[in-house]
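Novice: Handing over entry-v5.txt, compact mmCIF, N, CA and C atoms.
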```
# COMPACT_ATOMS: atom_id res chain seq x y z
N MET A 30 256.19 39.87 -100.19
CA MET A 30 256.10 39.83 -98.75
C MET A 30 257.07 40.85 -98.15
N LYS A 31 256.60 41.65 -97.23
CA LYS A 31 257.44 42.66 -96.59
C LYS A 31 258.08 42.07 -95.34
N TYR A 32 259.41 42.18 -95.28
CA TYR A 32 260.14 41.66 -94.14
C TYR A 32 260.07 42.64 -92.97
N PRO A 33 260.08 42.12 -91.75
CA PRO A 33 260.12 43.00 -90.58
C PRO A 33 261.42 43.80 -90.54
N VAL A 34 261.36 44.95 -89.95
CA VAL A 34 262.53 45.81 -89.81
C VAL A 34 263.38 45.33 -88.64
N HIS A 35 264.69 45.42 -88.79
CA HIS A 35 265.59 45.07 -87.69
C HIS A 35 265.34 46.04 -86.54
N PRO A 36 265.29 45.55 -85.29
CA PRO A 36 265.05 46.44 -84.16
C PRO A 36 266.08 47.57 -84.04
N GLY A 37 267.29 47.34 -84.50
CA GLY A 37 268.30 48.39 -84.48
C GLY A 37 267.91 49.59 -85.31
N ALA A 38 267.22 49.34 -86.42
CA ALA A 38 266.73 50.44 -87.26
C ALA A 38 265.67 51.24 -86.51
N ILE A 39 264.86 50.56 -85.72
CA ILE A 39 263.85 51.25 -84.91
C ILE A 39 264.53 52.13 -83.88
N VAL A 40 265.55 51.61 -83.23
CA VAL A 40 266.28 52.40 -82.24
C VAL A 40 266.87 53.64 -82.92
N ARG A 41 267.48 53.44 -84.06
CA ARG A 41 268.12 54.55 -84.78
C ARG A 41 267.11 55.60 -85.24
N GLU A 42 266.04 55.14 -85.90
CA GLU A 42 265.11 56.07 -86.54
C GLU A 42 264.03 56.61 -85.63
N GLU A 43 263.59 55.81 -84.66
CA GLU A 43 262.47 56.21 -83.81
C GLU A 43 262.87 56.66 -82.42
N CYS A 44 264.10 56.36 -82.03
CA CYS A 44 264.53 56.74 -80.67
C CYS A 44 265.66 57.77 -80.71
N LEU A 45 266.76 57.44 -81.38
CA LEU A 45 267.91 58.34 -81.38
C LEU A 45 267.64 59.63 -82.14
N LYS A 46 267.22 59.51 -83.40
CA LYS A 46 267.05 60.71 -84.23
C LYS A 46 266.04 61.71 -83.67
N PRO A 47 264.83 61.27 -83.32
CA PRO A 47 263.87 62.26 -82.82
C PRO A 47 264.30 62.95 -81.52
N LEU A 48 265.10 62.26 -80.72
CA LEU A 48 265.55 62.83 -79.45
C LEU A 48 266.89 63.56 -79.57
N GLY A 49 267.46 63.54 -80.78
CA GLY A 49 268.75 64.19 -81.00
C GLY A 49 269.89 63.55 -80.25
N LEU A 50 269.80 62.24 -80.05
CA LEU A 50 270.83 61.51 -79.30
C LEU A 50 271.90 60.96 -80.24
N THR A 51 273.13 61.00 -79.81
CA THR A 51 274.21 60.33 -80.52
C THR A 51 274.30 58.91 -79.99
N VAL A 52 274.98 58.06 -80.73
CA VAL A 52 275.19 56.70 -80.27
C VAL A 52 275.97 56.72 -78.96
N SER A 53 277.00 57.54 -78.90
CA SER A 53 277.82 57.61 -77.67
C SER A 53 277.00 58.10 -76.48
N GLY A 54 276.22 59.15 -76.70
CA GLY A 54 275.41 59.70 -75.62
C GLY A 54 274.34 58.75 -75.14
N CYS A 55 273.69 58.09 -76.09
CA CYS A 55 272.65 57.14 -75.72
C CYS A 55 273.24 55.92 -75.03
N ALA A 56 274.37 55.44 -75.52
CA ALA A 56 275.02 54.28 -74.90
C ALA A 56 275.35 54.57 -73.44
N LYS A 57 275.86 55.76 -73.20
CA LYS A 57 276.19 56.14 -71.83
C LYS A 57 274.94 56.12 -70.95
N ARG A 58 273.84 56.64 -71.46
CA ARG A 58 272.60 56.68 -70.68
C ARG A 58 272.00 55.29 -70.49
N LEU A 59 272.27 54.39 -71.46
CA LEU A 59 271.80 53.01 -71.33
C LEU A 59 272.70 52.17 -70.43
N GLY A 60 273.90 52.68 -70.14
CA GLY A 60 274.85 51.93 -69.31
C GLY A 60 275.57 50.84 -70.07
N ILE A 61 275.80 51.08 -71.37
CA ILE A 61 276.48 50.09 -72.22
C ILE A 61 277.60 50.80 -72.98
N GLY A 62 278.45 50.02 -73.63
CA GLY A 62 279.52 50.59 -74.44
C GLY A 62 278.99 51.15 -75.75
N ARG A 63 279.70 52.14 -76.27
CA ARG A 63 279.31 52.76 -77.54
C ARG A 63 279.29 51.74 -78.67
N GLN A 64 280.27 50.85 -78.71
CA GLN A 64 280.34 49.86 -79.78
C GLN A 64 279.15 48.89 -79.74
N THR A 65 278.71 48.57 -78.55
CA THR A 65 277.55 47.68 -78.40
C THR A 65 276.31 48.30 -79.04
N LEU A 66 276.07 49.57 -78.74
CA LEU A 66 274.90 50.23 -79.33
C LEU A 66 275.10 50.46 -80.82
N SER A 67 276.31 50.81 -81.21
CA SER A 67 276.61 50.99 -82.64
C SER A 67 276.31 49.72 -83.42
N ASN A 68 276.72 48.58 -82.89
CA ASN A 68 276.44 47.30 -83.57
C ASN A 68 274.95 47.07 -83.71
N LEU A 69 274.18 47.44 -82.70
CA LEU A 69 272.73 47.26 -82.78
C LEU A 69 272.11 48.18 -83.83
N VAL A 70 272.41 49.48 -83.74
CA VAL A 70 271.76 50.42 -84.67
C VAL A 70 272.23 50.26 -86.10
N ASN A 71 273.40 49.64 -86.29
CA ASN A 71 273.87 49.34 -87.64
C ASN A 71 273.48 47.93 -88.09
N GLU A 72 272.59 47.31 -87.32
CA GLU A 72 271.98 46.02 -87.64
C GLU A 72 273.01 44.89 -87.74
N LYS A 73 274.05 44.98 -86.93
CA LYS A 73 275.08 43.94 -86.88
C LYS A 73 274.95 43.07 -85.64
N ALA A 74 274.04 43.45 -84.74
CA ALA A 74 273.82 42.69 -83.50
C ALA A 74 272.32 42.60 -83.25
N SER A 75 271.96 41.59 -82.50
CA SER A 75 270.56 41.36 -82.14
C SER A 75 270.26 41.98 -80.78
N VAL A 76 268.97 42.15 -80.51
CA VAL A 76 268.53 42.62 -79.20
C VAL A 76 268.58 41.42 -78.24
N SER A 77 269.37 41.53 -77.21
CA SER A 77 269.45 40.50 -76.17
C SER A 77 268.36 40.78 -75.13
N ILE A 78 268.18 39.85 -74.22
CA ILE A 78 267.21 40.06 -73.15
C ILE A 78 267.61 41.28 -72.32
N GLU A 79 268.89 41.37 -71.98
CA GLU A 79 269.35 42.52 -71.20
C GLU A 79 269.12 43.83 -71.95
N MET A 80 269.45 43.84 -73.24
CA MET A 80 269.24 45.06 -74.03
C MET A 80 267.77 45.40 -74.12
N ALA A 81 266.91 44.40 -74.21
CA ALA A 81 265.47 44.64 -74.27
C ALA A 81 265.00 45.37 -73.00
N TYR A 82 265.52 44.97 -71.86
CA TYR A 82 265.17 45.67 -70.61
C TYR A 82 265.68 47.11 -70.63
N ARG A 83 266.90 47.30 -71.08
CA ARG A 83 267.48 48.64 -71.12
C ARG A 83 266.68 49.55 -72.06
N LEU A 84 266.37 49.05 -73.25
CA LEU A 84 265.61 49.84 -74.22
C LEU A 84 264.21 50.15 -73.71
N SER A 85 263.58 49.18 -73.06
CA SER A 85 262.22 49.41 -72.57
C SER A 85 262.22 50.46 -71.46
N LYS A 86 263.22 50.43 -70.59
CA LYS A 86 263.29 51.44 -69.53
C LYS A 86 263.59 52.82 -70.10
N ALA A 87 264.44 52.88 -71.09
CA ALA A 87 264.85 54.16 -71.67
C ALA A 87 263.77 54.79 -72.54
N PHE A 88 263.04 53.97 -73.28
CA PHE A 88 262.14 54.52 -74.29
C PHE A 88 260.66 54.21 -74.05
N GLY A 89 260.35 53.60 -72.91
CA GLY A 89 258.95 53.45 -72.51
C GLY A 89 258.17 52.32 -73.13
N SER A 90 258.83 51.37 -73.73
CA SER A 90 258.13 50.21 -74.28
C SER A 90 258.29 49.04 -73.31
N THR A 91 258.04 47.84 -73.77
CA THR A 91 258.22 46.66 -72.93
C THR A 91 259.35 45.80 -73.49
N PRO A 92 259.99 44.99 -72.65
CA PRO A 92 261.01 44.07 -73.16
C PRO A 92 260.42 43.12 -74.20
N GLU A 93 259.18 42.73 -73.97
CA GLU A 93 258.51 41.81 -74.91
C GLU A 93 258.39 42.42 -76.30
N THR A 94 258.18 43.73 -76.37
CA THR A 94 258.08 44.41 -77.66
C THR A 94 259.40 44.30 -78.41
N TRP A 95 260.51 44.62 -77.73
CA TRP A 95 261.82 44.56 -78.39
C TRP A 95 262.19 43.14 -78.78
N LEU A 96 261.94 42.18 -77.89
CA LEU A 96 262.26 40.79 -78.21
C LEU A 96 261.35 40.25 -79.30
N GLY A 97 260.10 40.68 -79.31
CA GLY A 97 259.17 40.27 -80.37
C GLY A 97 259.62 40.77 -81.73
N MET A 98 260.11 42.02 -81.78
CA MET A 98 260.63 42.57 -83.04
C MET A 98 261.84 41.77 -83.50
N GLN A 99 262.71 41.42 -82.55
CA GLN A 99 263.90 40.65 -82.91
C GLN A 99 263.52 39.27 -83.42
N LEU A 100 262.58 38.62 -82.74
CA LEU A 100 262.13 37.29 -83.16
C LEU A 100 261.50 37.33 -84.55
N ALA A 101 260.65 38.31 -84.81
CA ALA A 101 260.02 38.43 -86.12
C ALA A 101 261.08 38.63 -87.21
N PHE A 102 262.07 39.47 -86.92
CA PHE A 102 263.14 39.71 -87.89
C PHE A 102 263.93 38.42 -88.14
N ASP A 103 264.32 37.74 -87.06
CA ASP A 103 265.11 36.51 -87.19
C ASP A 103 264.35 35.43 -87.97
N LEU A 104 263.08 35.28 -87.67
CA LEU A 104 262.29 34.26 -88.38
C LEU A 104 262.17 34.58 -89.86
N ALA A 105 261.97 35.84 -90.19
CA ALA A 105 261.87 36.23 -91.60
C ALA A 105 263.20 35.97 -92.32
N GLN A 106 264.30 36.23 -91.64
CA GLN A 106 265.62 36.01 -92.23
C GLN A 106 265.93 34.53 -92.41
N SER A 107 265.28 33.67 -91.65
CA SER A 107 265.60 32.24 -91.68
C SER A 107 264.62 31.42 -92.51
N SER A 108 263.81 32.06 -93.33
CA SER A 108 262.81 31.31 -94.09
C SER A 108 263.43 30.23 -94.98
N ASP A 109 264.62 30.46 -95.52
CA ASP A 109 265.29 29.44 -96.33
C ASP A 109 265.68 28.23 -95.48
N LEU A 110 266.06 28.48 -94.24
CA LEU A 110 266.44 27.40 -93.34
C LEU A 110 265.29 26.43 -93.13
N GLU A 111 264.09 26.95 -92.96
CA GLU A 111 262.91 26.09 -92.73
C GLU A 111 262.72 25.13 -93.90
N ARG A 112 262.92 25.61 -95.11
CA ARG A 112 262.74 24.75 -96.29
C ARG A 112 263.83 23.69 -96.40
N GLN A 113 265.00 23.96 -95.82
CA GLN A 113 266.12 23.02 -95.90
C GLN A 113 266.01 21.88 -94.90
N ILE A 114 265.25 22.09 -93.86
CA ILE A 114 265.14 21.07 -92.80
C ILE A 114 264.07 20.06 -93.19
N ASN A 115 264.48 18.80 -93.35
CA ASN A 115 263.57 17.75 -93.77
C ASN A 115 263.29 16.81 -92.59
N VAL A 116 262.27 17.15 -91.84
CA VAL A 116 261.88 16.34 -90.68
C VAL A 116 260.40 16.02 -90.82
N LYS A 117 260.07 14.75 -90.62
CA LYS A 117 258.67 14.32 -90.67
C LYS A 117 258.06 14.44 -89.30
N ARG A 118 256.77 14.71 -89.26
CA ARG A 118 256.03 14.83 -87.99
C ARG A 118 256.08 13.48 -87.26
N ILE A 119 256.31 13.53 -85.96
CA ILE A 119 256.34 12.33 -85.13
C ILE A 119 254.96 12.20 -84.48
N VAL A 120 254.35 11.04 -84.72
CA VAL A 120 253.02 10.79 -84.20
C VAL A 120 253.05 9.51 -83.37
N GLY A 121 252.66 9.61 -82.11
CA GLY A 121 252.58 8.42 -81.25
C GLY A 121 253.93 7.78 -80.99
N ALA A 122 253.86 6.71 -80.21
CA ALA A 122 255.11 6.02 -79.84
C ALA A 122 255.33 4.75 -80.59
```
Is it possible to express this structure as structure tokens?

Specialist:
Amino acid sequence: MKYPVHPGAIVREECLKPLGLTVSGCAKRLGIGRQTLSNLVNEKASVSIEMAYRLSKAFGSTPETWLGMQLAFDLAQSSDLERQINVKRIVGA
């Protein structure tokens, strides 16, 4: 099974590199700190709702696209958690 790519990798490979942007330069244009963007592109931070809006405005996608990528990544990373949770379906009262 192929795991989804972290959205930070998409920012790094599909947005920064093709446009010749540095993390510092892009962070300034996004209106965020350099460390915040660095954490994202190095896959140490998740895409927040605010970041999804910033990325969508900067790169022409939608916030839903960025948040959907983050959700898919998070769910794939948590597959072991699902197996550990032992809850039975609740039916009726």

Novice: With distances taken over only C-alpha atoms, which of A:Leu59, A:Asn71, A:Thr91, A:Gln64 is nearest to Arg41 (chain A)?

Specialist: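 For Arg41 (chain A), the nearest of the candidates is A:Asn71.
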
Novice: Kindly provide the residues of region 35-89 of chain A that approach region 99-113 of chain A to within 6.5 Å, each paired with its closest atom pair and their distance in Å to one decimal, based on all atoms listed in the file, listed by chain and increasing number, as a tab-separated table.

Specialist:
```
residue	atom	partner	partner_atom	distance
A:His35	CA	A:Phe102	CA	5.9
A:Pro36	N	A:Gln99	N	5.6
A:Val76	N	A:Gln99	CA	5.8
```

Novice: Can you list, as a PyMOL selection string, every protein, DNA or RNA residue that comes within 8 Å of region 50-53 of chain A when you count all atoms listed in the file, leaving out same-chain residues fewer than 2 positions away?

Specialist: chain A and resi 44-48+55-59+62-64+66-67

Novice: CA of Pro33 (chain A) and CA of Ser75 (chain A), how far apart in Å?

Specialist: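 Computed distance, CA of Ser75 (chain A) to CA of Pro33 (chain A), equals 13.5 Å.
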
Novice: For the atom pair CA of Glu72 (chain A) and CA of Gly89 (chain A), what is the interatomic distance in Å to one decimal place?

Specialist: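 Distance reported for this atom pair: 21.3 Å.
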
Novice: Between CA of Gly49 (chain A) and CA of Tyr82 (chain A), what distance in Å does the model show, to one decimal?

Specialist: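 Taking CA of Gly49 (chain A) as the start and CA of Tyr82 (chain A) as the end point, the length is 21.5 Å.
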
Novice: Could you please write out, as a PyMOL selection string, every residue of chain A that DSSP assigns to helix (DSSP H, G or I)?

Specialist: chain A and resi 36-48+52-59+63-70+78-88+92-106+108-113

Novice: Could you check which of A:Gly97, A:Gly54, A:Gly37, A:Ile114 is closest to Lys73 (chain A), using only N, CA and C atoms?

Specialist: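 Of A:Gly97, A:Gly54, A:Gly37, A:Ile114, the one nearest Lys73 (chain A), counting only N, CA and C atoms, is A:Gly37.
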
Novice: Which residue out of A:Asn115, A:Thr94, A:Met80, A:Val40 has the minimum interatomic distance to Gly60 (chain A) when only C-alpha atoms are used?

Specialist: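 Nearest candidate to Gly60 (chain A) out of A:Asn115, A:Thr94, A:Met80, A:Val40: A:Met80.
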
Novice: Could you work out an axis-aligned bounding box for all listed atoms of region 51-60 of chain A, with 3 Å added on each of the six sides, and give its centre and edge lengths in Å to one decimal, as lines of an AutoDock Vina configuration file?

Specialist:
```
center_x = 274.8
center_y = 55.9
center_z = -75.0
size_x = 12.0
size_y = 16.2
size_z = 17.4
```
